[in-house]
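**Q** Sending over a structure as structure tokens; questions will come in a sec.
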Amino acid sequence: MRELLFLVPGLPLLGAAILMLGAGRLSARAEAAIGTLSVGIAALIAFSIAAGFMLSPPVGDAYRQVLWRWFDVGGLAPEIALRLDPLSLVMILVTSGVGFFIHLFSTEFMAGEEGYGRYFAYLNLFVAAMLLLVLADDFLALFAGWEGVGLCSYLLIGFWWRDPANGLAARKAFIVTRIGDTAFMIGLLLIATRLGTLNIAQAMQHASAMWHTGGAMPTLVAFLLIGGAVGKSAQLPLQTWLPDAMAGPTPVSALIHAATMVTAGVYLIARTHALFQLAPVAQATVGVIGGATLLLAGFSALAQNDIKRILAYSTMSQIGYMFVALGVGAWQAAMFHLMTHACFKALLFLSAGAITMRLHHEQNIFRMGGLARRLPAAFLGFLIGSAALAALPVVTAGFYSKEAILSGAWADGNGGRVLWAAGLIGAFVTGLYIFRAVFIAFFGEAHTEVTGRYGWRVVVPLAVLSTLSVFGGLIELPPAFGHVTLLSNLLAPVLPTTPEAPGIGLLVVASLASVLGIGLAAVLYLRPSRPPAETALWRFWHKGACFDQLYDRALVQPVLAAARAGRDEVVDLAYDGVVQIVRALHRAAARTQNGQVRFYAAGLTVGSILLIAIAVLR
Amino acid sequence: MILLWLLLIPGVGGALAWAVGGRGPEWPRRVAVGALAIDLLLAAALIGPAAAGRSQWIARLDLPWIPQLGISFELDLDGLSLVLILLTIALGIVSVVISRTEITDRVGFFHANLLWTVTGVIGVFLALDLFLFFFFWELMLVPMYFVIALWGHENRFYASIKFFIFTQGSGLLMLVAILGLVFIHWHQSGQLTFDYFALLGTKMSQTTALLLMLGFFIAFAVKLPVFPFHTWLPDAHTEAPTAGSVLLAGVLLKTGAYGLLRFVVPLFPGAAHMFAPVAMALAVVGILYGALLAFAQNDMKRLVAYSSISHMGFVLLGVFAWNTLALDGVVMQMLAHGVSTGALFILVGALQERIHTRNMRLMGGLWGVLPRLSGFAMIFAIASLGLPGLGNFIGEFLILLGSYQASVVFTVIAGRSRGVTSRGDGGVAPRDHRARRLSATGLRPSGAKHRMATP
């Protein structure tokens, strides 16, 4: 079965190619079938490979499949090779599995849209690029997937191209993430030149062998990789593209936020954890970035009225939790939360999509209201997703994964305690902002009428993802709850284990934080409420702490001004100067040719006298 | 003899195309495509011997021309020339095909100029007698001047004269440098010759070498173009008809890079080494400056033109880094840039024919009316921005890696990690197709590498 690994990224890629080449010749039915089945079959293969992997792990807990050698120049011969180890196994399951349900949902959500086939082509390419990213054995192949993901996000965010605002959002996502990618690329060049290889596993071995802990070189490289990671994962200071990325169709947001793209940064740091262990400063920075982002995004989510923007900030915040986990060395907890988050965030976005489908694309929660009775399936999905996001104790998957992160942070000691506190506040805020949305949108009076109906292709993904959001946490339970360690056993060969969780007291505190948040939301919003007043503080958080304004003033405007100033080629002024001098000389010389014979005669005479004088005086 | 045919076929084809121009516009096109197709087949036949890789030189020809002055008609072809010649002829065919609707006036003469430009460029890539090289260098300039001046857009006279003066003026510097080099060699060995191989090891003082090197460098730098000698390029590219832009960007710029690779560094290794920091600094400035100005443009064609300046900065960087990685990257970058930028110019030209403007501020919503053209534009745009998996990425990545590989530390590491990296050049037999094509360029900086360790 393992030999079929290449089909996991290969099938979606093939699907994308067929859809692109067949644009305009295929029926919508065929396009939907190709798009969905290519990812579906890839997911099936991934799951059967996973089953085989767990029953009989390969030697060294990794299976390597070389597809071809990319190029071979001067001793550098990167390969397009796939590497299946527990870490990439988890990632392909998430990407292909969740990706499949998003595809299935899309077949109905996008029905009748212009560019139906183009949509599925991009979606397939997106999944293929992400699968290449997580399966890559080589930094260069990883980078190819990394950039492919960036390109597809650009194409999909700007999918509804008739509105220029969508194009703007797409460009913003592409450019902002590419700033991070540039740092990443410089990091790759350093790795290639200093460690002599671009193979990830070898590079990590060499790094551990050649660099000592806390050295300048590992710290520099780790910071450059962080640059790439914060761009893709929308963390401070490159987080500004994510809220605008909502311009794309809702299932695209589900794909970007859950199964692909934003998890890439977390994956990258987890994959190169050996490097980060050599650079404690960089690793601590990851934690600080995560802590700051989770709070900033949580507060910003409180000040949003658009249901998709609330979810966007919640993604930023949850990825912040994963960064905290990476920063304190709770590698497995980060991956655990990545998995559960993929399920419940996809669920939340698809539920939101199901709602807006039936509400004439209304996204303002204050114009919804009373949807619980009229859209029961979407309500149930959104409720379960929200509960998991808010980490409702015991019954949701999100509780267990967030708990793993918080206890990991606590166990890390002094610096970790601060991050733990931030995470605790974050948990409270999360409960507050997401149940604010639930109570306003689903309870109270109806403000917009519901039309149409949806079929099984909407309901099935919601049902499956709901199940996963509730029971997905059972693969890893803390000691107080039966102590299941399926995931950490699986990941043990690739990621260092986390110190033993510190007991039930912390669990209670964390549970209280999220329950209090939900309770406060119930008190505040379970009664008819109006949109908040536009105070200065509200506006500040509504704009995501005004980072856009800051960057606009500090970076965008100066660059634009420089570009405008240079548009007409400053360098040409120098050449124009030469031209002016030549012209002036020309005019001076031309003036002597005035057509007056006496002038010429005088010139002749003076010239002759001068010549004779020179000859005589010499 | 095959090298002579490579030159004669487009040259004579051009004259023929002009002659049959009176019979109607279809005839010159047929003649031009036919001549170039035969030429392409001839050149393609040389790929086999090149891949066999017995020696660096695949084919050579040496006929006496002006023996009294030591000038001979010497043509030599190695992997680098072959790759560039293939690119030249292929883009030549493309240029003829796409001019079908754009050029309706003096069709015969247009195709004659197009083919003569191709002839001049092929000559530049083949000639290894310095006098002959200079002859072809000037030859490719004149027909291109006519292409811009006669069939260009609004501001064509200004652009064509600017192009002419920049290239001609810098060519003069090269002529002086060539003569200087030849005289110094004559003085030393008592032998008057323009032969490249004879001149290779000429000894001279540092200052002389630097001055002569600068003569060559400026000529090639104008062509490449290198900041601050680039200002002719946006005007010429923008005002030229589409076929002219394709040839200019795809092929003529590469003659500058070729000159740097073939003449500047091998003839003056010491001076080039001394000059490398300056050249690399200019390269980096060019990369950023070209990119910023490309970003500032509203005229789509000017945008593509400025992006060329940026991309050619990478080429200059790679040439002066002078190691296997960087040089193979340079060749890859030249090919990828020739194809992607040529395609972008074609797309802009097609757009202009349809909507009669190049101002992007007046465009919008083209995906709805021109879905295929938009799709292709997307592909070539992402190729141009260097997305991994496409050609430009390989070129830029290798160049960056090569320039990065500045330090001894890497060699130490490479030696320590046994078997991870093959030691030295060509230690590993290239296994896949792309690797073979890259190494077929024959660029193996054997001796010069040690003298020219990067700064």
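In the structure tokens, each chain is lettered A, B, ... as it comes, each chain's residues begin at 1, and ligands are numbered from 1 in order of appearance.
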Skipping near chain neighbours, those fewer than 6 positions away, what residues fall within 8 Å of B:Ser308 using only C-alpha atoms, listed as a PDB file with C-alpha atoms, in the first residue's frame?

**A**
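Final output, saved to around24.pdb:
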ATOM      1  CA  ALA B 249      14.296  40.670 -24.548  1.00  0.00           C
ATOM      2  CA  GLY B 290      14.244  47.272 -11.946  1.00  0.00           C
ATOM      3  CA  HIS B 337      13.793  34.591 -19.022  1.00  0.00           C
ATOM      4  CA  THR B 341       9.504  37.396 -20.985  1.00  0.00           C
TER       5      THR B 341
END

**Q** So which residues of stretch 282-508 of chain A fall under strand (DSSP E or B) by DSSP, listed as number ranges by chain?

**A** A: 306, 364, 476, 485

**Q** Got time to write the residues from that selection, N, CA and C atoms, as an mmCIF file, in the first residue's frame?

**A**
data_model
loop_
_atom_site.group_PDB
_atom_site.id
_atom_site.type_symbol
_atom_site.label_atom_id
_atom_site.label_comp_id
_atom_site.auth_asym_id
_atom_site.auth_seq_id
_atom_site.Cartn_x
_atom_site.Cartn_y
_atom_site.Cartn_z
ATOM 1 N N ASP A 306 -19.159 40.581 11.379
ATOM 2 C CA ASP A 306 -19.235 39.674 10.242
ATOM 3 C C ASP A 306 -18.856 38.268 10.720
ATOM 4 N N ASN A 364 -23.616 39.468 8.328
ATOM 5 C CA ASN A 364 -23.641 40.241 9.564
ATOM 6 C C ASN A 364 -24.499 39.513 10.595
ATOM 7 N N GLU A 476 -6.314 11.180 22.612
ATOM 8 C CA GLU A 476 -5.254 11.601 23.533
ATOM 9 C C GLU A 476 -5.939 12.215 24.752
ATOM 10 N N THR A 485 -3.072 7.591 25.125
ATOM 11 C CA THR A 485 -1.930 8.266 24.480
ATOM 12 C C THR A 485 -1.704 7.750 23.068
#

**Q** Measuring atom to atom with only C-alpha atoms, identify which of B:Ile218, B:Leu181, B:Leu173, B:Leu335 is nearest to B:Ile394.

**A** B:Leu335

**Q** Can you tell me which residues surround A:Ser208 at a distance of at most 9 Å, considering only C-alpha atoms, apart from same-chain residues fewer than 3 positions away, and format the answer as a list of chain:residue names?

**A**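 Surrounding residues, per the criterion: A:Ala203, A:Met204, A:Gln205, A:Trp211, A:His212, A:Thr213, A:Ala274, A:Leu275, A:Leu278.
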
**Q** Could you find all residues in stretch 79-198 of chain B that DSSP calls alpha helix (DSSP H) from the backbone, and write them as a PyMOL selection string?

**A** chain B and resi 79-98+107-126+130-139+141-151+156-189+196-198

**Q** Determine the nearest neighbour of A:His360 from the options A:Gly603, A:Leu236, A:Gly24, A:Glu449, counting only C-alpha atoms.

**A** A:Glu449

**Q** With only C-alpha atoms as the counted atoms, please give the residues lying no more than 7 Å from stretch 77-88 of chain B, apart from itself and same-chain residues fewer than 4 positions off, as a list of chain:residue names.

**A**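 Surrounding residues, per the criterion: B:Leu40, B:Ala43, B:Ala50, B:Gln56, B:Trp57, B:Ile58, B:Ala59, B:Arg60, B:Gly92, B:Val118, B:Ile122, B:Phe125, B:Leu126, B:Val251, B:Ala440, B:Thr441, B:Gly442.
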
**Q** At a cut-off of 7 Å, list the chain A residues touching chain B, using only C-alpha atoms, as a PDB file with C-alpha atoms, in the first residue's frame.

**A**
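Saved to result.pdb:
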ATOM      1  CA  ARG A  69      15.946  14.020  -9.074  1.00  0.00           C
ATOM      2  CA  PHE A  71      18.474  18.778 -10.846  1.00  0.00           C
ATOM      3  CA  ASP A  72      22.094  18.026 -10.181  1.00  0.00           C
ATOM      4  CA  VAL A  73      24.418  20.967 -10.218  1.00  0.00           C
ATOM      5  CA  GLY A  74      27.745  21.341  -8.549  1.00  0.00           C
ATOM      6  CA  GLY A  75      27.065  18.757  -5.901  1.00  0.00           C
ATOM      7  CA  LEU A  76      23.607  20.013  -5.120  1.00  0.00           C
ATOM      8  CA  ALA A 144       7.633  24.299  -3.949  1.00  0.00           C
ATOM      9  CA  GLU A 147       4.721  28.581  -2.743  1.00  0.00           C
ATOM     10  CA  ARG A 162     -15.469  40.841 -10.888  1.00  0.00           C
ATOM     11  CA  LEU A 189      20.152  29.285   1.253  1.00  0.00           C
ATOM     12  CA  THR A 193      25.486  26.532   2.124  1.00  0.00           C
ATOM     13  CA  ARG A 194      26.252  25.934   5.796  1.00  0.00           C
ATOM     14  CA  LEU A 195      24.906  22.421   6.221  1.00  0.00           C
ATOM     15  CA  GLY A 196      25.658  21.244   2.696  1.00  0.00           C
ATOM     16  CA  THR A 197      22.296  19.635   2.093  1.00  0.00           C
ATOM     17  CA  ALA A 563       7.901  54.097  -7.054  1.00  0.00           C
ATOM     18  CA  ARG A 564       6.007  57.179  -8.179  1.00  0.00           C
ATOM     19  CA  GLY A 566      11.161  56.897  -9.931  1.00  0.00           C
ATOM     20  CA  ARG A 567       8.527  56.136 -12.532  1.00  0.00           C
ATOM     21  CA  VAL A 571      18.851  57.878 -14.208  1.00  0.00           C
ATOM     22  CA  ASP A 572      17.856  59.320 -17.542  1.00  0.00           C
TER      23      ASP A 572
END

**Q** Env of stretch 24-27 of chain B: 9 Å cut, atoms = only C-alpha atoms, seq-sep filter 3 positions within chain, self excluded. Answer as a list of chain:residue names.

**A** B:Ala17, B:Val20, B:Gly21, B:Arg30, B:Val31, B:Ala32, B:Arg100, B:Thr104, B:Asp105, B:Arg106, B:Val107, B:Gly108

**Q** Can you pull out the residues contacting B:Gln168? Cut-off 10 Å, using only C-alpha atoms, and skip same-chain residues under 5 positions away; I want them as an NGL selection string.

**A** :B and (137-138 or 141-142 or 162-163 or 173-174 or 219 or 222)

**Q** Find the residues around stretch 232-234 of chain A up to 10 Å (only C-alpha atoms counted), leave out those fewer than 3 positions away in its own chain, and share them as an MDAnalysis selection string.

**A** chainID A and resid 146:147 149:150 173:174 176:181 226:229 237:243 256:257 260:267 293 313 315:317 319:320 323

**Q** Store the residues picked out above in a file with C-alpha atoms, as a PDB file, in the first residue's frame.

**A**
ATOM      1  CA  TRP A 146       4.812  26.167   0.188  1.00  0.00           C
ATOM      2  CA  GLU A 147       4.721  28.581  -2.743  1.00  0.00           C
ATOM      3  CA  VAL A 149      -0.160  26.935  -1.465  1.00  0.00           C
ATOM      4  CA  GLY A 150       0.485  30.663  -1.583  1.00  0.00           C
ATOM      5  CA  ALA A 173      -2.534  37.674   0.968  1.00  0.00           C
ATOM      6  CA  PHE A 174       0.041  36.822  -1.677  1.00  0.00           C
ATOM      7  CA  VAL A 176       2.254  39.608   2.752  1.00  0.00           C
ATOM      8  CA  THR A 177       2.949  35.892   2.841  1.00  0.00           C
ATOM      9  CA  ARG A 178       5.675  36.346   0.274  1.00  0.00           C
ATOM     10  CA  ILE A 179       7.483  38.721   2.591  1.00  0.00           C
ATOM     11  CA  GLY A 180       7.723  35.813   4.987  1.00  0.00           C
ATOM     12  CA  ASP A 181       8.665  33.480   2.154  1.00  0.00           C
ATOM     13  CA  ILE A 226      10.007  31.835  11.741  1.00  0.00           C
ATOM     14  CA  GLY A 227       9.685  34.603   9.167  1.00  0.00           C
ATOM     15  CA  GLY A 228       8.238  32.131   6.699  1.00  0.00           C
ATOM     16  CA  ALA A 229       6.064  30.482   9.326  1.00  0.00           C
ATOM     17  CA  PRO A 237       3.633  40.666  12.580  1.00  0.00           C
ATOM     18  CA  LEU A 238       2.429  39.247   9.241  1.00  0.00           C
ATOM     19  CA  GLN A 239      -1.115  38.443  10.322  1.00  0.00           C
ATOM     20  CA  THR A 240      -2.899  41.205   8.420  1.00  0.00           C
ATOM     21  CA  TRP A 241      -3.782  39.217   5.323  1.00  0.00           C
ATOM     22  CA  LEU A 242      -6.007  36.674   7.024  1.00  0.00           C
ATOM     23  CA  PRO A 243      -9.127  38.718   7.847  1.00  0.00           C
ATOM     24  CA  ILE A 256      -7.271  27.839   4.094  1.00  0.00           C
ATOM     25  CA  HIS A 257      -8.056  27.936   7.796  1.00  0.00           C
ATOM     26  CA  THR A 260      -4.089  23.785   4.533  1.00  0.00           C
ATOM     27  CA  MET A 261      -2.074  26.983   4.393  1.00  0.00           C
ATOM     28  CA  VAL A 262      -2.232  28.375   7.932  1.00  0.00           C
ATOM     29  CA  THR A 263      -1.144  25.103   9.455  1.00  0.00           C
ATOM     30  CA  ALA A 264       1.925  25.099   7.199  1.00  0.00           C
ATOM     31  CA  GLY A 265       3.891  27.353   9.535  1.00  0.00           C
ATOM     32  CA  VAL A 266       3.127  25.148  12.530  1.00  0.00           C
ATOM     33  CA  TYR A 267       4.131  22.108  10.532  1.00  0.00           C
ATOM     34  CA  THR A 293      -1.264  36.814  18.598  1.00  0.00           C
ATOM     35  CA  TYR A 313      -9.690  36.073  13.948  1.00  0.00           C
ATOM     36  CA  THR A 315      -8.178  30.998  13.462  1.00  0.00           C
ATOM     37  CA  MET A 316      -5.403  33.460  14.089  1.00  0.00           C
ATOM     38  CA  SER A 317      -5.952  33.036  17.793  1.00  0.00           C
ATOM     39  CA  ILE A 319      -2.821  29.111  15.586  1.00  0.00           C
ATOM     40  CA  GLY A 320      -1.405  31.365  18.303  1.00  0.00           C
ATOM     41  CA  PHE A 323       2.729  28.593  18.415  1.00  0.00           C
TER      42      PHE A 323
END

**Q** For a test of reading the model, state the distance in Å between atom CA of A:Val556 and atom CA of A:Gln304, rounded to one decimal.

**A**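 For atom CA of A:Val556 relative to atom CA of A:Gln304, the distance reads 25.1 Å.
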